[in-house]
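Colleague: For reference, this is structure00.cif, and it has mmCIF, C-alpha atoms, pLDDT in the B column; chains and numbers go by the auth columns.
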```cif
data_coords
loop_
_atom_site.group_PDB
_atom_site.id
_atom_site.type_symbol
_atom_site.label_atom_id
_atom_site.label_comp_id
_atom_site.label_asym_id
_atom_site.label_seq_id
_atom_site.Cartn_x
_atom_site.Cartn_y
_atom_site.Cartn_z
_atom_site.B_iso_or_equiv
_atom_site.auth_seq_id
_atom_site.auth_asym_id
ATOM 1 C CA VAL A 1 -19.334 28.255 3.956 40.00 1 A
ATOM 2 C CA ARG A 2 -16.475 25.803 3.546 49.00 2 A
ATOM 3 C CA LEU A 3 -13.900 28.594 3.486 49.00 3 A
ATOM 4 C CA TYR A 4 -15.407 30.076 6.646 43.00 4 A
ATOM 5 C CA ALA A 5 -15.380 26.673 8.319 45.00 5 A
ATOM 6 C CA ARG A 6 -11.736 26.237 7.350 51.00 6 A
ATOM 7 C CA GLU A 7 -10.862 29.645 8.794 52.00 7 A
ATOM 8 C CA LEU A 8 -12.592 28.718 12.057 49.00 8 A
ATOM 9 C CA LEU A 9 -10.736 25.421 12.108 52.00 9 A
ATOM 10 C CA ASP A 10 -7.387 27.135 11.582 59.00 10 A
ATOM 11 C CA HIS A 11 -8.034 29.660 14.367 61.00 11 A
ATOM 12 C CA GLU A 12 -9.838 27.541 16.950 66.00 12 A
ATOM 13 C CA VAL A 13 -8.258 24.097 16.599 68.00 13 A
ATOM 14 C CA SER A 14 -4.556 23.557 17.192 81.00 14 A
ATOM 15 C CA ALA A 15 -2.295 21.838 14.715 80.00 15 A
ATOM 16 C CA GLY A 16 -1.880 18.974 17.162 84.00 16 A
ATOM 17 C CA GLU A 17 -5.634 18.518 17.500 88.00 17 A
ATOM 18 C CA ARG A 18 -6.046 18.523 13.724 87.00 18 A
ATOM 19 C CA GLN A 19 -3.308 15.890 13.412 89.00 19 A
ATOM 20 C CA GLU A 20 -4.985 13.724 16.042 92.00 20 A
ATOM 21 C CA ALA A 21 -8.347 14.006 14.291 93.00 21 A
ATOM 22 C CA LEU A 22 -6.780 13.094 10.949 94.00 22 A
ATOM 23 C CA THR A 23 -5.019 10.130 12.563 96.00 23 A
ATOM 24 C CA ARG A 24 -8.270 8.819 14.048 95.00 24 A
ATOM 25 C CA ALA A 25 -10.228 9.274 10.822 96.00 25 A
ATOM 26 C CA ALA A 26 -7.511 7.643 8.704 97.00 26 A
ATOM 27 C CA GLY A 27 -7.226 4.831 11.240 97.00 27 A
ATOM 28 C CA ALA A 28 -10.951 4.147 10.858 97.00 28 A
ATOM 29 C CA TRP A 29 -10.530 4.102 7.066 97.00 29 A
ATOM 30 C CA LEU A 30 -7.591 1.714 7.445 97.00 30 A
ATOM 31 C CA GLY A 31 -9.555 -0.609 9.688 96.00 31 A
ATOM 32 C CA LEU A 32 -12.349 -0.761 7.119 97.00 32 A
ATOM 33 C CA ALA A 33 -9.962 -1.201 4.192 97.00 33 A
ATOM 34 C CA ASP A 34 -8.168 -4.012 6.031 95.00 34 A
ATOM 35 C CA ARG A 35 -11.443 -5.817 6.642 95.00 35 A
ATOM 36 C CA ALA A 36 -12.569 -5.305 3.039 96.00 36 A
ATOM 37 C CA ASN A 37 -9.218 -6.517 1.716 95.00 37 A
ATOM 38 C CA ALA A 38 -9.496 -9.678 3.823 93.00 38 A
ATOM 39 C CA ARG A 39 -12.741 -10.498 1.984 94.00 39 A
ATOM 40 C CA LEU A 40 -11.121 -10.321 -1.456 92.00 40 A
ATOM 41 C CA PRO A 41 -9.142 -13.088 -3.187 84.00 41 A
ATOM 42 C CA LEU A 42 -5.550 -12.910 -1.978 74.00 42 A
ATOM 43 C CA GLY A 43 -3.226 -11.206 -4.440 70.00 43 A
ATOM 44 C CA GLY A 44 0.010 -12.741 -5.617 66.00 44 A
ATOM 45 C CA LEU A 45 2.182 -10.426 -3.518 75.00 45 A
ATOM 46 C CA GLY A 46 0.371 -10.992 -0.236 77.00 46 A
ATOM 47 C CA THR A 47 -0.354 -8.221 2.261 87.00 47 A
ATOM 48 C CA VAL A 48 2.165 -6.670 4.652 93.00 48 A
ATOM 49 C CA ARG A 49 0.797 -5.205 7.875 93.00 49 A
ATOM 50 C CA GLY A 50 2.568 -2.398 9.714 95.00 50 A
ATOM 51 C CA PRO A 51 2.254 -0.599 13.056 96.00 51 A
ATOM 52 C CA ALA A 52 -0.421 1.994 12.195 97.00 52 A
ATOM 53 C CA THR A 53 -3.332 2.109 14.642 95.00 53 A
ATOM 54 C CA ARG A 54 -6.687 0.885 13.374 95.00 54 A
ATOM 55 C CA TRP A 55 -9.665 2.651 14.925 93.00 55 A
ATOM 56 C CA PRO A 56 -12.398 0.027 15.343 90.00 56 A
ATOM 57 C CA LEU A 57 -15.976 0.612 14.285 92.00 57 A
ATOM 58 C CA PRO A 58 -19.061 -1.290 15.497 93.00 58 A
ATOM 59 C CA GLU A 59 -19.121 -4.805 14.060 94.00 59 A
ATOM 60 C CA ALA A 60 -22.710 -4.575 12.828 95.00 60 A
ATOM 61 C CA PHE A 61 -21.864 -1.353 10.979 94.00 61 A
ATOM 62 C CA VAL A 62 -18.758 -2.909 9.405 95.00 62 A
ATOM 63 C CA ASP A 63 -20.646 -6.048 8.332 93.00 63 A
ATOM 64 C CA GLU A 64 -23.357 -3.923 6.729 95.00 64 A
ATOM 65 C CA LEU A 65 -20.814 -1.788 4.852 94.00 65 A
ATOM 66 C CA LEU A 66 -18.710 -4.707 3.685 96.00 66 A
ATOM 67 C CA VAL A 67 -21.386 -7.193 2.691 96.00 67 A
ATOM 68 C CA ASP A 68 -19.826 -6.870 -0.786 96.00 68 A
ATOM 69 C CA ALA A 69 -16.180 -5.862 -0.360 96.00 69 A
ATOM 70 C CA ARG A 70 -15.608 -5.289 -4.064 95.00 70 A
ATOM 71 C CA SER A 71 -18.553 -2.914 -4.291 96.00 71 A
ATOM 72 C CA TRP A 72 -17.306 -1.079 -1.200 97.00 72 A
ATOM 73 C CA PHE A 73 -13.895 -0.542 -2.792 97.00 73 A
ATOM 74 C CA ASP A 74 -15.597 0.473 -6.052 97.00 74 A
ATOM 75 C CA ALA A 75 -17.516 3.175 -4.197 97.00 75 A
ATOM 76 C CA GLU A 76 -14.687 4.343 -1.933 97.00 76 A
ATOM 77 C CA CYS A 77 -11.580 4.116 -4.147 96.00 77 A
ATOM 78 C CA THR A 78 -11.557 7.848 -4.907 96.00 78 A
ATOM 79 C CA ALA A 79 -12.080 8.736 -1.243 97.00 79 A
ATOM 80 C CA LEU A 80 -9.292 6.368 -0.173 97.00 80 A
ATOM 81 C CA THR A 81 -6.951 7.988 -2.696 97.00 81 A
ATOM 82 C CA GLU A 82 -7.735 11.399 -1.190 97.00 82 A
ATOM 83 C CA VAL A 83 -7.240 10.113 2.362 97.00 83 A
ATOM 84 C CA ILE A 84 -3.835 8.718 1.410 98.00 84 A
ATOM 85 C CA ALA A 85 -2.851 12.059 -0.112 97.00 85 A
ATOM 86 C CA HIS A 86 -3.915 13.893 3.077 96.00 86 A
ATOM 87 C CA VAL A 87 -2.101 11.610 5.508 98.00 87 A
ATOM 88 C CA ALA A 88 1.010 11.539 3.307 98.00 88 A
ATOM 89 C CA ALA A 89 1.075 15.349 3.188 97.00 89 A
ATOM 90 C CA ALA A 90 0.707 15.357 6.983 97.00 90 A
ATOM 91 C CA ASP A 91 3.727 12.990 7.251 97.00 91 A
ATOM 92 C CA LEU A 92 1.653 10.182 8.745 98.00 92 A
ATOM 93 C CA ASP A 93 3.825 7.753 6.842 98.00 93 A
ATOM 94 C CA ASP A 94 2.674 4.457 8.370 98.00 94 A
ATOM 95 C CA LEU A 95 -0.969 5.279 7.774 98.00 95 A
ATOM 96 C CA ALA A 96 -0.177 6.357 4.197 98.00 96 A
ATOM 97 C CA TRP A 97 1.648 3.202 3.148 98.00 97 A
ATOM 98 C CA GLU A 98 -0.674 0.821 4.958 98.00 98 A
ATOM 99 C CA LEU A 99 -3.738 2.437 3.390 98.00 99 A
ATOM 100 C CA ALA A 100 -2.121 2.089 -0.036 98.00 100 A
ATOM 101 C CA GLU A 101 -1.166 -1.515 0.716 97.00 101 A
ATOM 102 C CA SER A 102 -4.721 -2.322 1.805 96.00 102 A
ATOM 103 C CA CYS A 103 -5.990 -1.182 -1.624 95.00 103 A
ATOM 104 C CA VAL A 104 -3.522 -2.929 -3.926 94.00 104 A
ATOM 105 C CA ASN A 105 -5.278 -6.322 -4.112 93.00 105 A
ATOM 106 C CA TYR A 106 -8.502 -4.578 -5.086 95.00 106 A
ATOM 107 C CA LEU A 107 -6.731 -2.419 -7.686 94.00 107 A
ATOM 108 C CA GLN A 108 -5.193 -5.506 -9.275 89.00 108 A
ATOM 109 C CA PHE A 109 -8.387 -7.549 -9.016 90.00 109 A
ATOM 110 C CA ARG A 110 -10.387 -4.827 -10.774 91.00 110 A
ATOM 111 C CA SER A 111 -7.495 -3.909 -13.131 89.00 111 A
ATOM 112 C CA ARG A 112 -7.641 -0.347 -11.768 91.00 112 A
ATOM 113 C CA PHE A 113 -3.991 0.186 -12.642 88.00 113 A
ATOM 114 C CA GLU A 114 -4.519 3.913 -13.170 89.00 114 A
ATOM 115 C CA ALA A 115 -5.057 4.258 -9.407 93.00 115 A
ATOM 116 C CA VAL A 116 -1.822 2.549 -8.311 94.00 116 A
ATOM 117 C CA VAL A 117 0.481 5.562 -8.695 95.00 117 A
ATOM 118 C CA PRO A 118 -1.952 8.082 -7.104 96.00 118 A
ATOM 119 C CA THR A 119 -2.280 5.820 -4.050 97.00 119 A
ATOM 120 C CA HIS A 120 1.321 4.638 -3.799 97.00 120 A
ATOM 121 C CA GLN A 121 3.533 7.527 -4.888 97.00 121 A
ATOM 122 C CA PRO A 122 2.445 9.983 -2.137 98.00 122 A
ATOM 123 C CA ALA A 123 2.832 7.220 0.437 98.00 123 A
ATOM 124 C CA LEU A 124 6.294 6.340 -0.879 98.00 124 A
ATOM 125 C CA GLU A 125 7.394 9.977 -0.707 98.00 125 A
ATOM 126 C CA ALA A 126 6.131 10.266 2.877 98.00 126 A
ATOM 127 C CA CYS A 127 8.071 7.129 3.804 98.00 127 A
ATOM 128 C CA VAL A 128 11.239 8.472 2.172 98.00 128 A
ATOM 129 C CA ARG A 129 10.929 11.714 4.159 98.00 129 A
ATOM 130 C CA ALA A 130 10.417 9.768 7.382 98.00 130 A
ATOM 131 C CA GLY A 131 13.133 7.184 6.707 98.00 131 A
ATOM 132 C CA ASN A 132 10.454 4.482 6.916 98.00 132 A
ATOM 133 C CA THR A 133 12.232 1.515 5.361 98.00 133 A
ATOM 134 C CA MET A 134 9.363 -0.976 5.549 98.00 134 A
ATOM 135 C CA GLY A 135 6.968 1.474 3.952 98.00 135 A
ATOM 136 C CA GLN A 136 9.430 2.203 1.169 98.00 136 A
ATOM 137 C CA ALA A 137 10.029 -1.496 0.520 98.00 137 A
ATOM 138 C CA VAL A 138 6.317 -2.312 0.268 98.00 138 A
ATOM 139 C CA MET A 139 5.456 0.693 -1.897 98.00 139 A
ATOM 140 C CA LEU A 140 8.374 0.036 -4.268 98.00 140 A
ATOM 141 C CA ARG A 141 7.360 -3.624 -4.549 96.00 141 A
ATOM 142 C CA ASN A 142 3.787 -2.702 -5.456 96.00 142 A
ATOM 143 C CA LEU A 143 4.879 0.002 -7.896 96.00 143 A
ATOM 144 C CA ALA A 144 7.238 -2.504 -9.523 95.00 144 A
ATOM 145 C CA ASP A 145 4.415 -4.982 -9.972 92.00 145 A
ATOM 146 C CA TYR A 146 2.227 -2.266 -11.517 90.00 146 A
ATOM 147 C CA SER A 147 4.951 -0.892 -13.810 86.00 147 A
ATOM 148 C CA GLY A 148 5.464 -4.326 -15.324 79.00 148 A
ATOM 149 C CA TYR A 149 2.027 -4.000 -16.933 79.00 149 A
ATOM 150 C CA VAL A 150 2.676 -0.545 -18.394 80.00 150 A
ATOM 151 C CA PRO A 151 4.122 -0.264 -21.915 81.00 151 A
ATOM 152 C CA GLY A 152 7.750 0.781 -21.535 84.00 152 A
ATOM 153 C CA GLY A 153 7.552 0.463 -17.767 87.00 153 A
ATOM 154 C CA ARG A 154 9.811 -2.556 -17.305 88.00 154 A
ATOM 155 C CA PRO A 155 13.074 -0.632 -16.584 91.00 155 A
ATOM 156 C CA ALA A 156 11.365 1.276 -13.747 92.00 156 A
ATOM 157 C CA ALA A 157 9.733 -1.930 -12.555 93.00 157 A
ATOM 158 C CA LEU A 158 13.103 -3.691 -12.370 94.00 158 A
ATOM 159 C CA ARG A 159 14.702 -0.798 -10.467 95.00 159 A
ATOM 160 C CA ASN A 160 11.841 -0.692 -7.987 96.00 160 A
ATOM 161 C CA ALA A 161 11.769 -4.461 -7.506 96.00 161 A
ATOM 162 C CA ARG A 162 15.528 -4.588 -6.945 96.00 162 A
ATOM 163 C CA ARG A 163 15.454 -1.715 -4.454 97.00 163 A
ATOM 164 C CA SER A 164 12.494 -3.275 -2.655 97.00 164 A
ATOM 165 C CA ARG A 165 14.357 -6.580 -2.345 96.00 165 A
ATOM 166 C CA GLU A 166 17.415 -4.789 -0.941 97.00 166 A
ATOM 167 C CA LEU A 167 15.339 -2.889 1.626 98.00 167 A
ATOM 168 C CA PHE A 168 13.487 -6.014 2.760 97.00 168 A
ATOM 169 C CA ARG A 169 16.863 -7.768 3.100 96.00 169 A
ATOM 170 C CA ASP A 170 18.243 -4.885 5.171 97.00 170 A
ATOM 171 C CA LEU A 171 15.206 -5.187 7.448 97.00 171 A
ATOM 172 C CA GLY A 172 15.679 -8.935 7.801 94.00 172 A
ATOM 173 C CA TYR A 173 12.124 -9.466 6.514 94.00 173 A
ATOM 174 C CA ALA A 174 12.570 -12.695 4.591 93.00 174 A
ATOM 175 C CA TYR A 175 8.961 -12.966 3.417 91.00 175 A
ATOM 176 C CA GLY A 176 9.212 -9.571 1.731 93.00 176 A
ATOM 177 C CA GLU A 177 12.687 -10.220 0.342 94.00 177 A
ATOM 178 C CA ALA A 178 11.593 -13.523 -1.211 92.00 178 A
ATOM 179 C CA GLY A 179 8.490 -11.992 -2.747 92.00 179 A
ATOM 180 C CA ALA A 180 10.428 -9.076 -4.223 94.00 180 A
ATOM 181 C CA ALA A 181 13.016 -11.508 -5.611 94.00 181 A
ATOM 182 C CA VAL A 182 10.264 -13.517 -7.334 92.00 182 A
ATOM 183 C CA LEU A 183 8.866 -10.301 -8.799 93.00 183 A
ATOM 184 C CA GLU A 184 12.305 -9.179 -10.007 95.00 184 A
ATOM 185 C CA GLY A 185 12.985 -12.622 -11.458 94.00 185 A
ATOM 186 C CA ASP A 186 9.704 -12.606 -13.348 91.00 186 A
ATOM 187 C CA LEU A 187 10.519 -9.174 -14.788 92.00 187 A
ATOM 188 C CA LEU A 188 13.961 -10.376 -15.859 92.00 188 A
ATOM 189 C CA GLN A 189 12.380 -13.394 -17.547 91.00 189 A
ATOM 190 C CA GLN A 190 10.042 -11.086 -19.461 88.00 190 A
ATOM 191 C CA ASP A 191 13.055 -8.944 -20.346 86.00 191 A
ATOM 192 C CA GLY A 192 14.767 -11.903 -22.025 89.00 192 A
ATOM 193 C CA ASN A 193 17.281 -12.697 -19.273 90.00 193 A
ATOM 194 C CA PRO A 194 16.350 -16.227 -18.148 90.00 194 A
ATOM 195 C CA ALA A 195 19.693 -16.991 -16.493 92.00 195 A
ATOM 196 C CA ALA A 196 19.439 -14.024 -14.131 90.00 196 A
ATOM 197 C CA ALA A 197 15.782 -14.837 -13.554 90.00 197 A
ATOM 198 C CA ARG A 198 16.598 -18.438 -12.529 92.00 198 A
ATOM 199 C CA GLU A 199 19.300 -17.193 -10.157 91.00 199 A
ATOM 200 C CA LEU A 200 16.882 -14.823 -8.428 89.00 200 A
ATOM 201 C CA LEU A 201 14.130 -17.412 -8.199 89.00 201 A
ATOM 202 C CA GLY A 202 16.618 -19.813 -6.628 91.00 202 A
ATOM 203 C CA GLU A 203 17.588 -17.098 -4.163 88.00 203 A
ATOM 204 C CA ALA A 204 13.908 -16.513 -3.364 89.00 204 A
ATOM 205 C CA ILE A 205 13.387 -20.192 -2.602 90.00 205 A
ATOM 206 C CA SER A 206 16.459 -20.227 -0.366 89.00 206 A
ATOM 207 C CA VAL A 207 15.385 -17.116 1.561 87.00 207 A
ATOM 208 C CA ALA A 208 11.861 -18.431 2.000 84.00 208 A
ATOM 209 C CA GLY A 209 13.184 -21.783 3.176 84.00 209 A
ATOM 210 C CA ARG A 210 15.360 -20.147 5.832 79.00 210 A
ATOM 211 C CA ALA A 211 12.295 -18.253 7.021 73.00 211 A
ATOM 212 C CA GLY A 212 10.358 -21.488 7.444 77.00 212 A
ATOM 213 C CA ASN A 213 8.358 -21.323 4.214 69.00 213 A
ATOM 214 C CA PRO A 214 9.601 -24.082 1.899 50.00 214 A
ATOM 215 C CA TRP A 215 7.666 -22.846 -1.179 51.00 215 A
#
```
Would you put the structure from the file into structure tokens?

Modeller:
Amino acid sequence: VRLYARELLDHEVSAGERQEALTRAAGAWLGLADRANARLPLGGLGTVRGPATRWPLPEAFVDELLVDARSWFDAECTALTEVIAHVAAADLDDLAWELAESCVNYLQFRSRFEAVVPTHQPALEACVRAGNTMGQAVMLRNLADYSGYVPGGRPAALRNARRSRELFRDLGYAYGEAGAAVLEGDLLQQDGNPAAARELLGEAISVAGRAGNPW
């Protein structure tokens, strides 16, 4: 039945219509994930919001679904991972990275580190294909934070943190640059390089101060 339905879809619905339907569905998922994320304790990296369209759902329905945001993420984490994979494959890069970003606080809060790469790597690849600098910067930052917890993952974490900091700087997004610098500095400290760590943390404070956040 599913194969037949797929054949009908391929023949009777245009590629553009399928893309629009996927965009609306993913936008509804993003709106829900955003609202659920806002009900969780704020993670250390903060949340970056991009330009993807959120498709609103009725408030009463949202409140009923998200009465316990952690339980909602527990139940929907696998589905969200699949949605990210679909939108990334469809080159809906903003939706892909923002969906991944909306999940990262939950993944850290629940120590679901095994789900970071499946949510973030497809989104990163979609952003690379699209030349989406903000998406790349955010995904690399989050992957760097995750890799720091993985045995043997610190070299990759440092590369990702450094590249994220450079991309945020190129964008002129001081909040992101400062956060990535703090992350890179922390990794350098763990790696036994306190002098370089202090230099980066000083740079982070300076960048944040210029942006109006004195830290």

Colleague: Quick one: of A:Val150, A:Pro58, A:Ala208, A:Gly43, who's nearest to Arg169 in chain A, counting all atoms listed in the file?

Modeller: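 Using all atoms listed in the file, the shortest distance to Arg169 in chain A belongs to A:Ala208.
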
Colleague: Smallest atom-to-atom distance to Val83 in chain A: which of A:Ala178, A:Ala115, A:Leu188, A:Ala96, using all atoms listed in the file?

Modeller: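 Once distances to Val83 in chain A are computed over all atoms listed in the file, the minimum belongs to A:Ala96.
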
Colleague: Find the residues around range 130-146 of chain A up to 9 Å (only C-alpha atoms counted), leave out those fewer than 4 positions away in its own chain, and share them as a PDB file with C-alpha atoms, keeping the file's coordinate frame.

Modeller:
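Printed below is selection_30.pdb as written:
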```pdb
ATOM      1  CA  LEU A  45       2.182 -10.426  -3.518  1.00 75.00           C
ATOM      2  CA  VAL A  48       2.165  -6.670   4.652  1.00 93.00           C
ATOM      3  CA  GLY A  50       2.568  -2.398   9.714  1.00 95.00           C
ATOM      4  CA  ASP A  91       3.727  12.990   7.251  1.00 97.00           C
ATOM      5  CA  LEU A  92       1.653  10.182   8.745  1.00 98.00           C
ATOM      6  CA  ASP A  93       3.825   7.753   6.842  1.00 98.00           C
ATOM      7  CA  ASP A  94       2.674   4.457   8.370  1.00 98.00           C
ATOM      8  CA  ALA A  96      -0.177   6.357   4.197  1.00 98.00           C
ATOM      9  CA  TRP A  97       1.648   3.202   3.148  1.00 98.00           C
ATOM     10  CA  GLU A  98      -0.674   0.821   4.958  1.00 98.00           C
ATOM     11  CA  ALA A 100      -2.121   2.089  -0.036  1.00 98.00           C
ATOM     12  CA  GLU A 101      -1.166  -1.515   0.716  1.00 97.00           C
ATOM     13  CA  VAL A 104      -3.522  -2.929  -3.926  1.00 94.00           C
ATOM     14  CA  GLN A 108      -5.193  -5.506  -9.275  1.00 89.00           C
ATOM     15  CA  PHE A 113      -3.991   0.186 -12.642  1.00 88.00           C
ATOM     16  CA  VAL A 116      -1.822   2.549  -8.311  1.00 94.00           C
ATOM     17  CA  VAL A 117       0.481   5.562  -8.695  1.00 95.00           C
ATOM     18  CA  HIS A 120       1.321   4.638  -3.799  1.00 97.00           C
ATOM     19  CA  GLN A 121       3.533   7.527  -4.888  1.00 97.00           C
ATOM     20  CA  ALA A 123       2.832   7.220   0.437  1.00 98.00           C
ATOM     21  CA  LEU A 124       6.294   6.340  -0.879  1.00 98.00           C
ATOM     22  CA  GLU A 125       7.394   9.977  -0.707  1.00 98.00           C
ATOM     23  CA  ALA A 126       6.131  10.266   2.877  1.00 98.00           C
ATOM     24  CA  VAL A 150       2.676  -0.545 -18.394  1.00 80.00           C
ATOM     25  CA  GLY A 153       7.552   0.463 -17.767  1.00 87.00           C
ATOM     26  CA  ARG A 154       9.811  -2.556 -17.305  1.00 88.00           C
ATOM     27  CA  ALA A 156      11.365   1.276 -13.747  1.00 92.00           C
ATOM     28  CA  ALA A 157       9.733  -1.930 -12.555  1.00 93.00           C
ATOM     29  CA  LEU A 158      13.103  -3.691 -12.370  1.00 94.00           C
ATOM     30  CA  ARG A 159      14.702  -0.798 -10.467  1.00 95.00           C
ATOM     31  CA  ASN A 160      11.841  -0.692  -7.987  1.00 96.00           C
ATOM     32  CA  ALA A 161      11.769  -4.461  -7.506  1.00 96.00           C
ATOM     33  CA  ARG A 162      15.528  -4.588  -6.945  1.00 96.00           C
ATOM     34  CA  ARG A 163      15.454  -1.715  -4.454  1.00 97.00           C
ATOM     35  CA  SER A 164      12.494  -3.275  -2.655  1.00 97.00           C
ATOM     36  CA  ARG A 165      14.357  -6.580  -2.345  1.00 96.00           C
ATOM     37  CA  GLU A 166      17.415  -4.789  -0.941  1.00 97.00           C
ATOM     38  CA  LEU A 167      15.339  -2.889   1.626  1.00 98.00           C
ATOM     39  CA  PHE A 168      13.487  -6.014   2.760  1.00 97.00           C
ATOM     40  CA  ASP A 170      18.243  -4.885   5.171  1.00 97.00           C
ATOM     41  CA  LEU A 171      15.206  -5.187   7.448  1.00 97.00           C
ATOM     42  CA  TYR A 173      12.124  -9.466   6.514  1.00 94.00           C
ATOM     43  CA  GLY A 176       9.212  -9.571   1.731  1.00 93.00           C
ATOM     44  CA  GLY A 179       8.490 -11.992  -2.747  1.00 92.00           C
ATOM     45  CA  ALA A 180      10.428  -9.076  -4.223  1.00 94.00           C
ATOM     46  CA  LEU A 183       8.866 -10.301  -8.799  1.00 93.00           C
ATOM     47  CA  GLU A 184      12.305  -9.179 -10.007  1.00 95.00           C
ATOM     48  CA  LEU A 187      10.519  -9.174 -14.788  1.00 92.00           C
TER      49      LEU A 187
END
```

Colleague: Put a box with edges along x, y and z around all the listed atoms of range 14-23 of chain A, pad it by 8 Å on each side, then give me its centre and sizes in Å, one decimal, as JSON.

Modeller:
```
{"center_x": -5.1, "center_y": 16.8, "center_z": 14.2, "size_x": 22.5, "size_y": 29.4, "size_z": 22.6}
```

Colleague: Residues within 7 Å of range 69-78 of chain A, please, as a list in words. Count only C-alpha atoms; anything in the same chain fewer than 5 positions from it doesn't count.

Modeller: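 After dropping sequence-adjacent residues, the list is Ala36, Arg39 and Leu40 of chain A.
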
Colleague: Selection from above, C-alpha atoms, as a tab-separated table (two decimals), in the coordinates of the input, can you write it?

Modeller:
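out.tsv, freshly written:
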```
chain	number	residue	atom	x	y	z
A	36	ALA	CA	-12.57	-5.30	3.04
A	39	ARG	CA	-12.74	-10.50	1.98
A	40	LEU	CA	-11.12	-10.32	-1.46
```

Colleague: Written as a list in words, which residues does the PyMOL selection byres ((chain A and resi 54) around 12) give for the file shown?

Modeller: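 Written out, the selection comes to Thr23, Arg24, Ala25, Ala26, Gly27, Ala28, Trp29, Leu30, Gly31, Leu32, Ala33, Asp34, Arg35, Arg49, Gly50, Pro51, Ala52, Thr53, Trp55, Pro56, Leu57, Asp94, Leu95, Glu98 and Leu99 of chain A.
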
Colleague: Hey, which of A:Ile205, A:His86, A:Tyr149, A:Ala197 ends up closest to Thr119 in chain A? Count all atoms listed in the file.

Modeller: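 Comparing A:Ile205, A:His86, A:Tyr149, A:Ala197 against Thr119 in chain A, the winner is A:His86.
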
Colleague: Between CA of Glu64 in chain A and CA of Pro118 in chain A, what distance in Å does the model show, to one decimal?

Modeller: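 That distance, rounded to one decimal, is 28.2 Å.
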
Colleague: Work out how far CA of Gln189 in chain A is from CA of Ser102 in chain A, in Å to one decimal.

Modeller: 28.1 Å

Colleague: Can you measure CA of Ala85 in chain A to CA of Phe61 in chain A for me? One decimal in Å is fine.

Modeller: 25.8 Å

Colleague: Looking at only C-alpha atoms, which of A:Glu114, A:Glu203, A:Glu59, A:Asp68 is the one that sits closest to Thr81 in chain A?

Modeller: A:Glu114

Colleague: Would you please work out which residue, of A:Val67, A:Ala38, A:Ala195, A:Val87, is nearest to Tyr106 in chain A when using only C-alpha atoms?

Modeller: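 Closest to Tyr106 in chain A, using only C-alpha atoms: A:Ala38.
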